[in-house]
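What's in structure-v2.cif: mmCIF, C-alpha atoms
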data_upload
#
loop_
_atom_site.group_PDB
_atom_site.id
_atom_site.type_symbol
_atom_site.label_atom_id
_atom_site.label_comp_id
_atom_site.auth_asym_id
_atom_site.auth_seq_id
_atom_site.Cartn_x
_atom_site.Cartn_y
_atom_site.Cartn_z
ATOM 1 C CA MET A 1 65.509 4.962 -23.871
ATOM 2 C CA ILE A 2 68.414 3.648 -25.976
ATOM 3 C CA SER A 3 71.466 2.363 -24.140
ATOM 4 C CA LEU A 4 75.028 2.043 -25.381
ATOM 5 C CA ALA A 5 74.447 -1.678 -25.808
ATOM 6 C CA ASP A 6 71.493 -0.843 -28.072
ATOM 7 C CA THR A 7 73.471 1.678 -30.127
ATOM 8 C CA LEU A 8 76.493 -0.525 -30.811
ATOM 9 C CA ILE A 9 75.866 -3.428 -33.119
ATOM 10 C CA THR A 10 78.806 -5.509 -31.989
ATOM 11 C CA ARG A 11 79.558 -7.634 -35.037
ATOM 12 C CA SER A 12 79.660 -4.845 -37.577
ATOM 13 C CA MET A 13 80.772 -2.171 -35.079
ATOM 14 C CA ILE A 14 78.092 0.289 -36.201
ATOM 15 C CA ALA A 15 77.386 3.015 -33.648
ATOM 16 C CA LEU A 16 74.471 5.413 -33.849
ATOM 17 C CA TYR A 17 75.471 8.961 -32.963
ATOM 18 C CA PRO A 18 72.762 11.541 -32.382
ATOM 19 C CA ILE A 19 73.129 14.932 -34.045
ATOM 20 C CA ALA A 20 71.301 18.104 -33.131
ATOM 21 C CA ILE A 21 70.583 20.431 -36.045
ATOM 22 C CA LEU A 22 70.004 24.133 -35.502
ATOM 23 C CA LYS A 23 67.944 25.150 -38.504
ATOM 24 C CA GLY A 24 69.335 28.132 -40.371
ATOM 25 C CA ASP A 25 67.693 30.412 -42.902
ATOM 26 C CA ASP A 26 68.490 32.131 -46.213
ATOM 27 C CA LYS A 27 71.387 34.017 -44.627
ATOM 28 C CA THR A 28 72.581 31.571 -41.972
ATOM 29 C CA ALA A 29 73.864 27.989 -42.401
ATOM 30 C CA HIS A 30 72.299 25.069 -40.554
ATOM 31 C CA GLY A 31 74.417 24.183 -37.510
ATOM 32 C CA ILE A 32 75.147 20.532 -36.764
ATOM 33 C CA PHE A 33 76.173 19.536 -33.243
ATOM 34 C CA PHE A 34 77.402 16.209 -31.852
ATOM 35 C CA PRO A 35 76.346 15.858 -28.202
ATOM 36 C CA ASP A 36 78.592 12.837 -27.628
ATOM 37 C CA VAL A 37 81.703 14.406 -29.183
ATOM 38 C CA LEU A 38 83.114 17.275 -27.163
ATOM 39 C CA ASN A 39 83.520 20.602 -29.002
ATOM 40 C CA LEU A 40 82.672 19.225 -32.442
ATOM 41 C CA SER A 41 80.280 20.928 -34.833
ATOM 42 C CA THR A 42 79.869 21.627 -38.518
ATOM 43 C CA ALA A 43 77.428 23.442 -40.774
ATOM 44 C CA CYS A 44 75.772 23.187 -44.164
ATOM 45 C CA ASP A 45 73.814 25.539 -46.402
ATOM 46 C CA GLU A 46 71.190 22.986 -47.436
ATOM 47 C CA LEU A 47 69.284 21.031 -44.783
ATOM 48 C CA ASN A 48 69.324 18.036 -47.148
ATOM 49 C CA ASP A 49 73.131 17.961 -46.782
ATOM 50 C CA ALA A 50 73.113 17.750 -42.967
ATOM 51 C CA HIS A 51 73.455 13.958 -42.786
ATOM 52 C CA LYS A 52 76.315 13.887 -45.327
ATOM 53 C CA MET A 53 78.154 16.790 -43.644
ATOM 54 C CA ALA A 54 77.752 15.223 -40.200
ATOM 55 C CA LEU A 55 79.100 11.880 -41.406
ATOM 56 C CA GLU A 56 82.099 13.537 -43.101
ATOM 57 C CA CYS A 57 82.796 15.607 -39.986
ATOM 58 C CA LEU A 58 82.755 12.556 -37.699
ATOM 59 C CA ASP A 59 84.886 10.573 -40.139
ATOM 60 C CA VAL A 60 87.586 13.257 -40.297
ATOM 61 C CA HIS A 61 87.491 13.856 -36.543
ATOM 62 C CA PHE A 62 87.629 10.158 -35.638
ATOM 63 C CA SER A 63 90.476 9.571 -38.127
ATOM 64 C CA GLY A 64 92.432 12.324 -36.377
ATOM 65 C CA LEU A 65 91.752 10.810 -32.970
ATOM 66 C CA VAL A 66 92.955 7.397 -34.188
ATOM 67 C CA GLU A 67 96.132 8.911 -35.667
ATOM 68 C CA ASP A 68 96.793 10.693 -32.366
ATOM 69 C CA GLY A 69 96.199 7.496 -30.379
ATOM 70 C CA GLU A 70 93.166 8.934 -28.607
ATOM 71 C CA GLU A 71 89.939 7.142 -27.744
ATOM 72 C CA ILE A 72 86.851 7.428 -29.923
ATOM 73 C CA PRO A 73 83.975 8.785 -27.822
ATOM 74 C CA LEU A 74 81.061 6.369 -27.837
ATOM 75 C CA PRO A 75 77.404 7.381 -27.965
ATOM 76 C CA THR A 76 75.801 7.890 -24.571
ATOM 77 C CA ASN A 77 72.268 8.281 -23.297
ATOM 78 C CA PHE A 78 70.201 9.947 -26.025
ATOM 79 C CA GLU A 79 67.403 10.803 -23.594
ATOM 80 C CA ALA A 80 69.774 12.931 -21.504
ATOM 81 C CA HIS A 81 70.688 14.968 -24.584
ATOM 82 C CA THR A 82 67.055 15.659 -25.417
ATOM 83 C CA GLN A 83 66.525 16.972 -21.883
ATOM 84 C CA SER A 84 69.432 19.428 -22.135
ATOM 85 C CA SER A 85 68.409 23.057 -22.672
ATOM 86 C CA GLN A 86 71.517 23.422 -24.837
ATOM 87 C CA PHE A 87 69.630 21.641 -27.626
ATOM 88 C CA ASP A 88 66.186 23.242 -27.192
ATOM 89 C CA GLY A 89 64.389 23.749 -30.485
ATOM 90 C CA MET A 90 66.858 21.679 -32.502
ATOM 91 C CA ILE A 91 66.035 18.881 -34.910
ATOM 92 C CA TRP A 92 67.357 15.447 -33.934
ATOM 93 C CA ALA A 93 68.755 12.844 -36.309
ATOM 94 C CA TRP A 94 71.059 9.823 -36.144
ATOM 95 C CA ILE A 95 74.327 9.160 -37.926
ATOM 96 C CA ASP A 96 75.456 5.548 -38.244
ATOM 97 C CA VAL A 97 79.223 5.277 -38.039
ATOM 98 C CA ASP A 98 81.266 2.169 -38.799
ATOM 99 C CA LEU A 99 83.755 2.061 -35.925
ATOM 100 C CA SER A 100 85.578 -1.013 -37.233
ATOM 101 C CA LYS A 101 88.032 1.248 -39.086
ATOM 102 C CA CYS A 102 88.759 2.947 -35.761
ATOM 103 C CA ASP A 103 89.797 -0.345 -34.135
ATOM 104 C CA VAL A 104 93.504 0.259 -33.673
ATOM 105 C CA LYS A 105 94.074 -2.645 -31.308
ATOM 106 C CA SER A 106 96.672 -5.015 -32.722
ATOM 107 C CA HIS A 107 95.646 -8.530 -33.648
ATOM 108 C CA GLU A 108 98.182 -11.303 -34.020
ATOM 109 C CA ILE A 109 98.168 -13.111 -37.366
ATOM 110 C CA ASN A 110 100.417 -15.748 -38.917
ATOM 111 C CA VAL A 111 102.162 -14.676 -42.136
ATOM 112 C CA THR A 112 104.522 -17.039 -43.952
ATOM 113 C CA PRO A 113 106.695 -15.186 -46.491
ATOM 114 C CA PRO A 114 109.786 -16.792 -48.046
ATOM 115 C CA ASN A 115 113.001 -16.459 -46.056
ATOM 116 C CA TYR A 116 114.687 -14.052 -48.507
ATOM 117 C CA LEU A 117 111.747 -11.644 -48.069
ATOM 118 C CA ILE A 118 111.967 -11.791 -44.268
ATOM 119 C CA ILE A 119 115.697 -10.954 -44.514
ATOM 120 C CA LYS A 120 114.991 -7.961 -46.798
ATOM 121 C CA ILE A 121 112.205 -6.720 -44.494
ATOM 122 C CA ASP A 122 114.425 -7.039 -41.410
ATOM 123 C CA LYS A 123 117.240 -5.107 -43.135
ATOM 124 C CA LYS A 124 114.801 -2.363 -44.127
ATOM 125 C CA VAL A 125 113.419 -2.118 -40.567
ATOM 126 C CA SER A 126 116.907 -2.057 -39.052
ATOM 127 C CA ALA A 127 118.052 0.660 -41.451
ATOM 128 C CA HIS A 128 114.989 2.831 -40.722
ATOM 129 C CA LYS A 129 114.321 2.409 -37.008
ATOM 130 C CA SER A 130 112.876 5.923 -36.799
ATOM 131 C CA LEU A 131 110.171 4.942 -39.310
ATOM 132 C CA TYR A 132 109.451 1.346 -38.364
ATOM 133 C CA LYS A 133 109.152 -0.002 -34.846
ATOM 134 C CA SER A 134 109.210 -3.643 -35.914
ATOM 135 C CA ARG A 135 108.645 -6.059 -38.771
ATOM 136 C CA SER A 136 104.929 -6.052 -37.951
ATOM 137 C CA ASN A 137 104.823 -2.254 -37.909
ATOM 138 C CA TYR A 138 106.541 -2.148 -41.321
ATOM 139 C CA LEU A 139 104.031 -4.582 -42.829
ATOM 140 C CA ALA A 140 101.101 -2.717 -41.251
ATOM 141 C CA GLN A 141 102.324 0.607 -42.671
ATOM 142 C CA LEU A 142 102.679 -0.920 -46.139
ATOM 143 C CA ALA A 143 99.155 -2.370 -45.923
ATOM 144 C CA MET A 144 97.677 0.963 -44.770
ATOM 145 C CA ALA A 145 99.413 2.827 -47.593
ATOM 146 C CA ASP A 146 98.314 0.287 -50.186
ATOM 147 C CA LEU A 147 94.733 0.290 -48.895
ATOM 148 C CA SER A 148 94.711 4.120 -48.572
ATOM 149 C CA LEU A 149 93.792 4.047 -44.891
#

I need this file expressed as structure tokens, please.
Amino acid sequence: MISLADTLITRSMIALYPIAILKGDDKTAHGIFFPDVLNLSTACDELNDAHKMALECLDVHFSGLVEDGEEIPLPTNFEAHTQSSQFDGMIWAWIDVDLSKCDVKSHEINVTPPNYLIIKIDKKVSAHKSLYKSRSNYLAQLAMADLSL
């Protein structure tokens, strides 16, 4: 039995999420279900694409949760999922997800820009209070835009 401690590799923040795949046929897509993520599923035409589709689905869903300020559901007891009749006859696989990009907790850092730049930043923040909560928020938004996050 794999526990949450076993599924989260703390330093790199990799979590292993189980997926249950309902095999389709020539006329029906393969269904992909995420037992640890409520009401989330996707599908693919080719079974070989299941892993890629599942990873994309989790990435989009988790990005939306982060943007909305909601918690990312963590993997739970895999054994309990395999015992559920809801997943009878399905194929099991694992998706490794890097949760470090979902870490939205603020971390204090020391930045030392020249004084004229601090004055310009403060004026910008003051003039656009609806967009920027603080100097730190302004700098974080610029970094996210530049890094395409």

Exercise. Run the PyMOL selection byres ((chain A and resi 56) around 12) against the file shown and list the residues it catches, as a count of residues only.
Key: 22

Enclose the full set of atoms of segment 106-123 of chain A listed in the file within a box whose edges lie along x, y and z, apply 6 Å of padding to each of the six sides, and report centre and edge lengths in Å to one decimal as lines of an AutoDock Vina configuration file.
center_x = 106.4
center_y = -11.0
center_z = -40.6
size_x = 33.6
size_y = 24.0
size_z = 27.8

Explicit residues for the PyMOL selection byres ((chain A and resi 26) around 12) (as an mmCIF file with C-alpha atoms, in the frame of the given file):
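Result file result-v5.cif:
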data_model
loop_
_atom_site.group_PDB
_atom_site.id
_atom_site.type_symbol
_atom_site.label_atom_id
_atom_site.label_comp_id
_atom_site.auth_asym_id
_atom_site.auth_seq_id
_atom_site.Cartn_x
_atom_site.Cartn_y
_atom_site.Cartn_z
ATOM 1 C CA LYS A 23 67.944 25.150 -38.504
ATOM 2 C CA GLY A 24 69.335 28.132 -40.371
ATOM 3 C CA ASP A 25 67.693 30.412 -42.902
ATOM 4 C CA LYS A 27 71.387 34.017 -44.627
ATOM 5 C CA THR A 28 72.581 31.571 -41.972
ATOM 6 C CA ALA A 29 73.864 27.989 -42.401
ATOM 7 C CA HIS A 30 72.299 25.069 -40.554
ATOM 8 C CA CYS A 44 75.772 23.187 -44.164
ATOM 9 C CA ASP A 45 73.814 25.539 -46.402
ATOM 10 C CA GLU A 46 71.190 22.986 -47.436
ATOM 11 C CA LEU A 47 69.284 21.031 -44.783
#

Exercise. Taking (84.2, 3.6, -32.8) in the file's own coordinates, collect the residues within 8 Å, counting only C-alpha atoms, and hand them back as a list of chain:residue names.
Key: A:Met13, A:Ile14, A:Ala15, A:Phe62, A:Ile72, A:Pro73, A:Leu74, A:Val97, A:Asp98, A:Leu99, A:Ser100, A:Lys101, A:Cys102, A:Asp103

Determine the residue set returned by the PyMOL selection byres ((chain A and resi 105-115) around 12) for the present structure, and present it as a PDB file with C-alpha atoms, in the frame of the given file.
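Output saved as part29.pdb:
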ATOM      1  CA  VAL A  66      92.955   7.397 -34.188  1.00  0.00           C
ATOM      2  CA  GLY A  69      96.199   7.496 -30.379  1.00  0.00           C
ATOM      3  CA  GLU A  70      93.166   8.934 -28.607  1.00  0.00           C
ATOM      4  CA  GLU A  71      89.939   7.142 -27.744  1.00  0.00           C
ATOM      5  CA  SER A 100      85.578  -1.013 -37.233  1.00  0.00           C
ATOM      6  CA  LYS A 101      88.032   1.248 -39.086  1.00  0.00           C
ATOM      7  CA  CYS A 102      88.759   2.947 -35.761  1.00  0.00           C
ATOM      8  CA  ASP A 103      89.797  -0.345 -34.135  1.00  0.00           C
ATOM      9  CA  VAL A 104      93.504   0.259 -33.673  1.00  0.00           C
ATOM     10  CA  TYR A 116     114.687 -14.052 -48.507  1.00  0.00           C
ATOM     11  CA  LEU A 117     111.747 -11.644 -48.069  1.00  0.00           C
ATOM     12  CA  ILE A 118     111.967 -11.791 -44.268  1.00  0.00           C
ATOM     13  CA  ILE A 119     115.697 -10.954 -44.514  1.00  0.00           C
ATOM     14  CA  LYS A 120     114.991  -7.961 -46.798  1.00  0.00           C
ATOM     15  CA  ILE A 121     112.205  -6.720 -44.494  1.00  0.00           C
ATOM     16  CA  ASP A 122     114.425  -7.039 -41.410  1.00  0.00           C
ATOM     17  CA  ARG A 135     108.645  -6.059 -38.771  1.00  0.00           C
ATOM     18  CA  SER A 136     104.929  -6.052 -37.951  1.00  0.00           C
ATOM     19  CA  ASN A 137     104.823  -2.254 -37.909  1.00  0.00           C
ATOM     20  CA  LEU A 139     104.031  -4.582 -42.829  1.00  0.00           C
ATOM     21  CA  ALA A 140     101.101  -2.717 -41.251  1.00  0.00           C
TER      22      ALA A 140
END

Quiz item: atom CA of Gln141 of chain A and atom CA of Ser126 of chain A are how many Å apart?
Solution: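 Result for atom CA of Gln141 of chain A versus atom CA of Ser126 of chain A: 15.3 Å, one decimal.
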
Quiz item: Interatomic distance between atom CA of Gln83 of chain A and atom CA of Leu40 of chain A?
Solution: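 These two atoms are separated by 19.4 Å.
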
Self-check item: atom CA of Asp68 of chain A to atom CA of Met144 of chain A, straight-line distance in Å
Solution: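 Computing the Euclidean distance for atom CA of Met144 of chain A and atom CA of Asp68 of chain A yields 15.8 Å.
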
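Of the residues under consideration (A:Phe33, A:Trp94, A:Tyr138, A:Tyr132), A:Trp94 shows the shortest atom-to-atom contact distance to Tyr17 of chain A when counting only C-alpha atoms.
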
Self-check item: 10 Å contact set for His81 of chain A, all atoms listed in the file, chain neighbours under 4 positions out, as a PyMOL selection string
Solution: chain A and resi 18-20+34-36+76-77+85-88+92

Residue completion, segment 31-66 of chain A, N, CA and C atoms, as an mmCIF file, keeping the file's coordinate frame:
data_model
loop_
_atom_site.group_PDB
_atom_site.id
_atom_site.type_symbol
_atom_site.label_atom_id
_atom_site.label_comp_id
_atom_site.auth_asym_id
_atom_site.auth_seq_id
_atom_site.Cartn_x
_atom_site.Cartn_y
_atom_site.Cartn_z
ATOM 1 N N GLY A 31 73.368 24.667 -38.409
ATOM 2 C CA GLY A 31 74.417 24.183 -37.510
ATOM 3 C C GLY A 31 74.184 22.734 -37.141
ATOM 4 N N ILE A 32 75.247 21.949 -37.110
ATOM 5 C CA ILE A 32 75.147 20.532 -36.764
ATOM 6 C C ILE A 32 76.050 20.279 -35.558
ATOM 7 N N PHE A 33 75.455 19.752 -34.497
ATOM 8 C CA PHE A 33 76.173 19.536 -33.243
ATOM 9 C C PHE A 33 76.150 18.053 -32.873
ATOM 10 N N PHE A 34 77.228 17.607 -32.227
ATOM 11 C CA PHE A 34 77.402 16.209 -31.852
ATOM 12 C C PHE A 34 77.470 16.118 -30.326
ATOM 13 N N PRO A 35 76.364 15.854 -29.669
ATOM 14 C CA PRO A 35 76.346 15.858 -28.202
ATOM 15 C C PRO A 35 77.337 14.906 -27.546
ATOM 16 N N ASP A 36 77.682 13.814 -28.221
ATOM 17 C CA ASP A 36 78.592 12.837 -27.628
ATOM 18 C C ASP A 36 80.056 13.083 -27.967
ATOM 19 N N VAL A 37 80.335 14.111 -28.777
ATOM 20 C CA VAL A 37 81.703 14.406 -29.183
ATOM 21 C C VAL A 37 82.010 15.847 -28.776
ATOM 22 N N LEU A 38 82.818 15.984 -27.764
ATOM 23 C CA LEU A 38 83.114 17.275 -27.163
ATOM 24 C C LEU A 38 83.652 18.287 -28.175
ATOM 25 N N ASN A 39 83.057 19.460 -28.196
ATOM 26 C CA ASN A 39 83.520 20.602 -29.002
ATOM 27 C C ASN A 39 83.567 20.341 -30.505
ATOM 28 N N LEU A 40 82.702 19.498 -31.007
ATOM 29 C CA LEU A 40 82.672 19.225 -32.442
ATOM 30 C C LEU A 40 81.362 19.722 -33.025
ATOM 31 N N SER A 41 81.471 20.465 -34.113
ATOM 32 C CA SER A 41 80.280 20.928 -34.833
ATOM 33 C C SER A 41 80.662 21.190 -36.278
ATOM 34 N N THR A 42 79.667 21.281 -37.116
ATOM 35 C CA THR A 42 79.869 21.627 -38.518
ATOM 36 C C THR A 42 78.617 22.358 -38.980
ATOM 37 N N ALA A 43 78.579 22.717 -40.247
ATOM 38 C CA ALA A 43 77.428 23.442 -40.774
ATOM 39 C C ALA A 43 77.242 23.101 -42.241
ATOM 40 N N CYS A 44 76.047 23.377 -42.741
ATOM 41 C CA CYS A 44 75.772 23.187 -44.164
ATOM 42 C C CYS A 44 74.731 24.209 -44.598
ATOM 43 N N ASP A 45 74.765 24.556 -45.869
ATOM 44 C CA ASP A 45 73.814 25.539 -46.402
ATOM 45 C C ASP A 45 72.450 24.928 -46.665
ATOM 46 N N GLU A 46 72.442 23.679 -47.118
ATOM 47 C CA GLU A 46 71.190 22.986 -47.436
ATOM 48 C C GLU A 46 70.880 21.953 -46.366
ATOM 49 N N LEU A 47 69.681 21.977 -45.829
ATOM 50 C CA LEU A 47 69.284 21.031 -44.783
ATOM 51 C C LEU A 47 69.422 19.590 -45.288
ATOM 52 N N ASN A 48 69.195 19.381 -46.578
ATOM 53 C CA ASN A 48 69.324 18.036 -47.148
ATOM 54 C C ASN A 48 70.754 17.503 -47.050
ATOM 55 N N ASP A 49 71.734 18.367 -46.869
ATOM 56 C CA ASP A 49 73.131 17.961 -46.782
ATOM 57 C C ASP A 49 73.587 17.689 -45.347
ATOM 58 N N ALA A 50 72.712 17.870 -44.379
ATOM 59 C CA ALA A 50 73.113 17.750 -42.967
ATOM 60 C C ALA A 50 73.671 16.370 -42.639
ATOM 61 N N HIS A 51 73.001 15.322 -43.087
ATOM 62 C CA HIS A 51 73.455 13.958 -42.786
ATOM 63 C C HIS A 51 74.838 13.718 -43.381
ATOM 64 N N LYS A 52 75.031 14.090 -44.652
ATOM 65 C CA LYS A 52 76.315 13.887 -45.327
ATOM 66 C C LYS A 52 77.422 14.684 -44.638
ATOM 67 N N MET A 53 77.149 15.956 -44.304
ATOM 68 C CA MET A 53 78.154 16.790 -43.644
ATOM 69 C C MET A 53 78.514 16.242 -42.263
ATOM 70 N N ALA A 54 77.517 15.773 -41.535
ATOM 71 C CA ALA A 54 77.752 15.223 -40.200
ATOM 72 C C ALA A 54 78.620 13.968 -40.290
ATOM 73 N N LEU A 55 78.324 13.100 -41.251
ATOM 74 C CA LEU A 55 79.100 11.880 -41.406
ATOM 75 C C LEU A 55 80.542 12.194 -41.790
ATOM 76 N N GLU A 56 80.745 13.136 -42.706
ATOM 77 C CA GLU A 56 82.099 13.537 -43.101
ATOM 78 C C GLU A 56 82.853 14.142 -41.919
ATOM 79 N N CYS A 57 82.174 14.961 -41.139
ATOM 80 C CA CYS A 57 82.796 15.607 -39.986
ATOM 81 C C CYS A 57 83.255 14.560 -38.967
ATOM 82 N N LEU A 58 82.381 13.610 -38.646
ATOM 83 C CA LEU A 58 82.755 12.556 -37.699
ATOM 84 C C LEU A 58 83.889 11.701 -38.247
ATOM 85 N N ASP A 59 83.847 11.392 -39.533
ATOM 86 C CA ASP A 59 84.886 10.573 -40.139
ATOM 87 C C ASP A 59 86.250 11.245 -40.034
ATOM 88 N N VAL A 60 86.320 12.517 -40.376
ATOM 89 C CA VAL A 60 87.586 13.257 -40.297
ATOM 90 C C VAL A 60 88.054 13.368 -38.846
ATOM 91 N N HIS A 61 87.132 13.696 -37.959
ATOM 92 C CA HIS A 61 87.491 13.856 -36.543
ATOM 93 C C HIS A 61 87.979 12.537 -35.948
ATOM 94 N N PHE A 62 87.246 11.455 -36.198
ATOM 95 C CA PHE A 62 87.629 10.158 -35.638
ATOM 96 C C PHE A 62 88.952 9.675 -36.233
ATOM 97 N N SER A 63 89.190 9.941 -37.517
ATOM 98 C CA SER A 63 90.476 9.571 -38.127
ATOM 99 C C SER A 63 91.622 10.293 -37.423
ATOM 100 N N GLY A 64 91.414 11.556 -37.106
ATOM 101 C CA GLY A 64 92.432 12.324 -36.377
ATOM 102 C C GLY A 64 92.670 11.775 -34.986
ATOM 103 N N LEU A 65 91.605 11.398 -34.302
ATOM 104 C CA LEU A 65 91.752 10.810 -32.970
ATOM 105 C C LEU A 65 92.549 9.510 -33.038
ATOM 106 N N VAL A 66 92.241 8.673 -34.034
ATOM 107 C CA VAL A 66 92.955 7.397 -34.188
ATOM 108 C C VAL A 66 94.431 7.659 -34.450
#
